[in-house]
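**Q** Next up, my_file.cif (mmCIF, C-alpha atoms).
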```cif
data_structure
loop_
_atom_site.label_atom_id
_atom_site.label_comp_id
_atom_site.auth_asym_id
_atom_site.auth_seq_id
_atom_site.Cartn_x
_atom_site.Cartn_y
_atom_site.Cartn_z
CA MET A 1 14.70 -6.48 -3.60
CA ASN A 2 12.03 -8.25 -1.57
CA GLU A 3 8.37 -7.10 -1.66
CA LEU A 4 8.39 -5.65 1.86
CA ALA A 5 11.43 -3.47 1.18
CA LYS A 6 9.90 -2.37 -2.14
CA ARG A 7 6.81 -1.07 -0.31
CA LYS A 8 8.75 1.09 2.13
CA PRO A 9 9.24 4.73 1.18
CA LYS A 10 12.69 6.24 1.02
CA ASP A 11 11.32 9.80 1.08
CA ILE A 12 7.86 11.41 1.35
CA LEU A 13 7.02 14.99 0.37
CA PHE A 14 3.72 16.84 0.23
CA LEU A 15 3.67 20.09 -1.70
CA ASP A 16 1.29 20.11 -4.69
CA ASN A 17 0.66 16.36 -4.30
CA LEU A 18 1.93 13.49 -2.18
CA THR A 19 5.24 12.43 -3.70
CA ILE A 20 6.80 9.19 -2.54
CA GLU A 21 10.22 7.95 -3.56
CA TRP A 22 10.26 4.22 -2.93
CA GLN A 23 13.25 2.12 -1.90
CA ASP A 24 13.37 0.56 -5.37
CA GLY A 25 13.89 4.01 -6.94
CA SER A 26 10.41 4.48 -8.40
CA VAL A 27 8.52 7.69 -7.64
CA SER A 28 4.77 8.02 -7.09
CA ARG A 29 2.81 11.27 -7.27
CA LEU A 30 -0.67 11.12 -5.83
CA PRO A 31 -3.08 14.07 -6.07
CA PHE A 32 -4.45 15.21 -2.73
CA PHE A 33 -8.07 14.98 -3.88
CA ALA A 34 -7.66 11.35 -4.99
CA LEU A 35 -6.00 10.45 -1.69
CA ARG A 36 -8.71 12.09 0.40
CA ASP A 37 -11.39 10.49 -1.77
CA GLY A 38 -9.72 7.11 -1.24
CA CYS A 39 -9.59 7.40 2.55
CA PRO A 40 -9.95 3.89 4.03
CA CYS A 41 -11.27 4.87 7.47
CA ALA A 42 -14.58 3.73 8.96
CA ALA A 43 -16.11 7.19 8.46
CA CYS A 44 -15.43 6.98 4.71
CA VAL A 45 -15.94 3.26 4.05
CA ASP A 46 -18.62 1.01 5.56
CA GLU A 47 -16.82 -1.39 7.88
CA VAL A 48 -19.14 -4.30 7.12
CA THR A 49 -19.71 -4.03 3.39
CA GLY A 50 -16.51 -2.22 2.39
CA LYS A 51 -18.66 0.16 0.34
CA LYS A 52 -17.41 3.71 0.06
CA THR A 53 -19.65 6.12 1.99
CA LEU A 54 -17.68 9.33 1.43
CA ASP A 55 -19.35 11.64 -1.09
CA PRO A 56 -16.60 13.11 -3.31
CA ALA A 57 -18.69 16.29 -3.63
CA SER A 58 -18.13 16.88 0.10
CA ILE A 59 -14.34 17.15 -0.39
CA PRO A 60 -13.11 20.71 -0.89
CA LYS A 61 -11.44 21.16 -4.29
CA ASP A 62 -8.46 22.78 -2.56
CA ILE A 63 -7.96 19.90 -0.10
CA HIS A 64 -4.38 19.59 1.10
CA ILE A 65 -2.30 17.90 3.74
CA ILE A 66 -1.72 19.84 6.96
CA ARG A 67 0.64 17.21 8.35
CA ALA A 68 1.31 13.50 8.22
CA GLU A 69 2.79 11.05 10.68
CA TYR A 70 4.10 7.53 10.44
CA VAL A 71 2.02 4.71 11.89
CA GLY A 72 4.55 2.08 12.84
CA ASN A 73 6.66 1.02 9.88
CA TYR A 74 3.74 0.37 7.58
CA ALA A 75 1.55 3.44 7.06
CA LEU A 76 0.86 7.17 7.17
CA ARG A 77 -1.89 8.98 9.04
CA ILE A 78 -2.74 12.11 7.11
CA HIS A 79 -4.23 15.22 8.71
CA TRP A 80 -6.29 16.98 6.03
CA SER A 81 -7.28 20.63 5.66
CA ASP A 82 -10.95 19.58 6.05
CA HIS A 83 -10.06 18.44 9.61
CA HIS A 84 -10.32 14.74 8.73
CA ASN A 85 -7.50 12.66 10.23
CA THR A 86 -8.68 9.12 10.92
CA GLY A 87 -7.49 7.49 7.72
CA ILE A 88 -4.47 5.24 7.90
CA TYR A 89 -2.90 4.85 4.47
CA THR A 90 -0.69 1.78 4.38
CA PHE A 91 2.37 1.94 2.18
CA ARG A 92 0.96 -1.01 0.25
CA MET A 93 -2.25 0.93 -0.39
CA LEU A 94 -0.35 4.05 -1.49
CA ARG A 95 1.81 2.02 -3.86
CA GLN A 96 -1.26 0.30 -5.32
CA MET A 97 -3.06 3.63 -5.78
CA ALA A 98 -0.05 4.99 -7.65
CA GLU A 99 0.25 1.89 -9.84
CA LEU A 100 -3.47 2.01 -10.69
CA ALA A 101 -3.22 5.71 -11.57
CA THR A 102 -0.22 5.00 -13.82
CA ALA A 103 -2.05 2.14 -15.52
CA ALA A 104 -5.13 4.33 -16.05
CA LYS A 105 -2.99 7.05 -17.64
CA SER A 106 -1.36 4.47 -19.91
CA ASN A 107 -4.79 3.18 -20.98
CA ASP A 108 -5.94 6.73 -21.73
CA MET A 109 -3.00 7.15 -24.10
CA VAL A 110 -3.78 4.02 -26.13
CA PRO A 111 -5.75 4.92 -29.30
#
```
Let me see the structure of the file written as structure tokens.

**A**
Amino acid sequence: MNELAKRKPKDILFLDNLTIEWQDGSVSRLPFFALRDGCPCAACVDEVTGKKTLDPASIPKDIHIIRAEYVGNYALRIHWSDHHNTGIYTFRMLRQMAELATAAKSNDMVP
């Protein structure tokens, strides 16, 4: 399967987390808080330096998705319960976030 097809979701659900089933059969589960904290929009990340400006303490602990919509064939725009909705999460970014979270969990398990 080519890289572009691998990055496209087969199914997306948001209940207790954002769950994505990818075309290659793998499944990613991303916590809402981590997604909101990783928002890539200009209000959350300095456009010039790329430095994160969003203070995680400003994110409600019970943050959740109100709705989401596709942006073309490459991303999701998520409407959050804190009324934030300007972040565009590319499928590539979501896949990378999931892979990094999986790698971090694996590293935590190594004695």

**Q** Residues at most 9 Å from Pro40 (chain A), counting all atoms listed in the file, excluding those fewer than 4 positions away in the same chain, as a list in words?

**A**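 Contacts, with the query itself left out: Cys44, Val45, Lys52, Thr86, Gly87, Ile88 and Tyr89 of chain A.
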
**Q** So how far away is CA of Leu76 (chain A) from CA of Gly25 (chain A), in Å?

**A**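 If I compute the distance from CA of Gly25 (chain A) to CA of Leu76 (chain A), I get 19.5 Å.
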
**Q** Skipping near chain neighbours, those fewer than 4 positions away, what residues fall within 10 Å of Asn17 (chain A) using all atoms listed in the file, listed as number ranges by chain?

**A** A: 13, 28-35, 64-65

**Q** Which of these, A:Ala103, A:Asp24, A:Val48, A:Cys39, has the shortest distance to Thr90 (chain A) once you count all atoms listed in the file?

**A** A:Cys39

**Q** Which residues match the PyMOL selection byres ((chain A and resi 74) around 8) in the file above, as a list in words?

**A** Lys8, Tyr70, Val71, Gly72, Asn73, Ala75, Leu76, Thr90, Phe91 and Arg92 of chain A
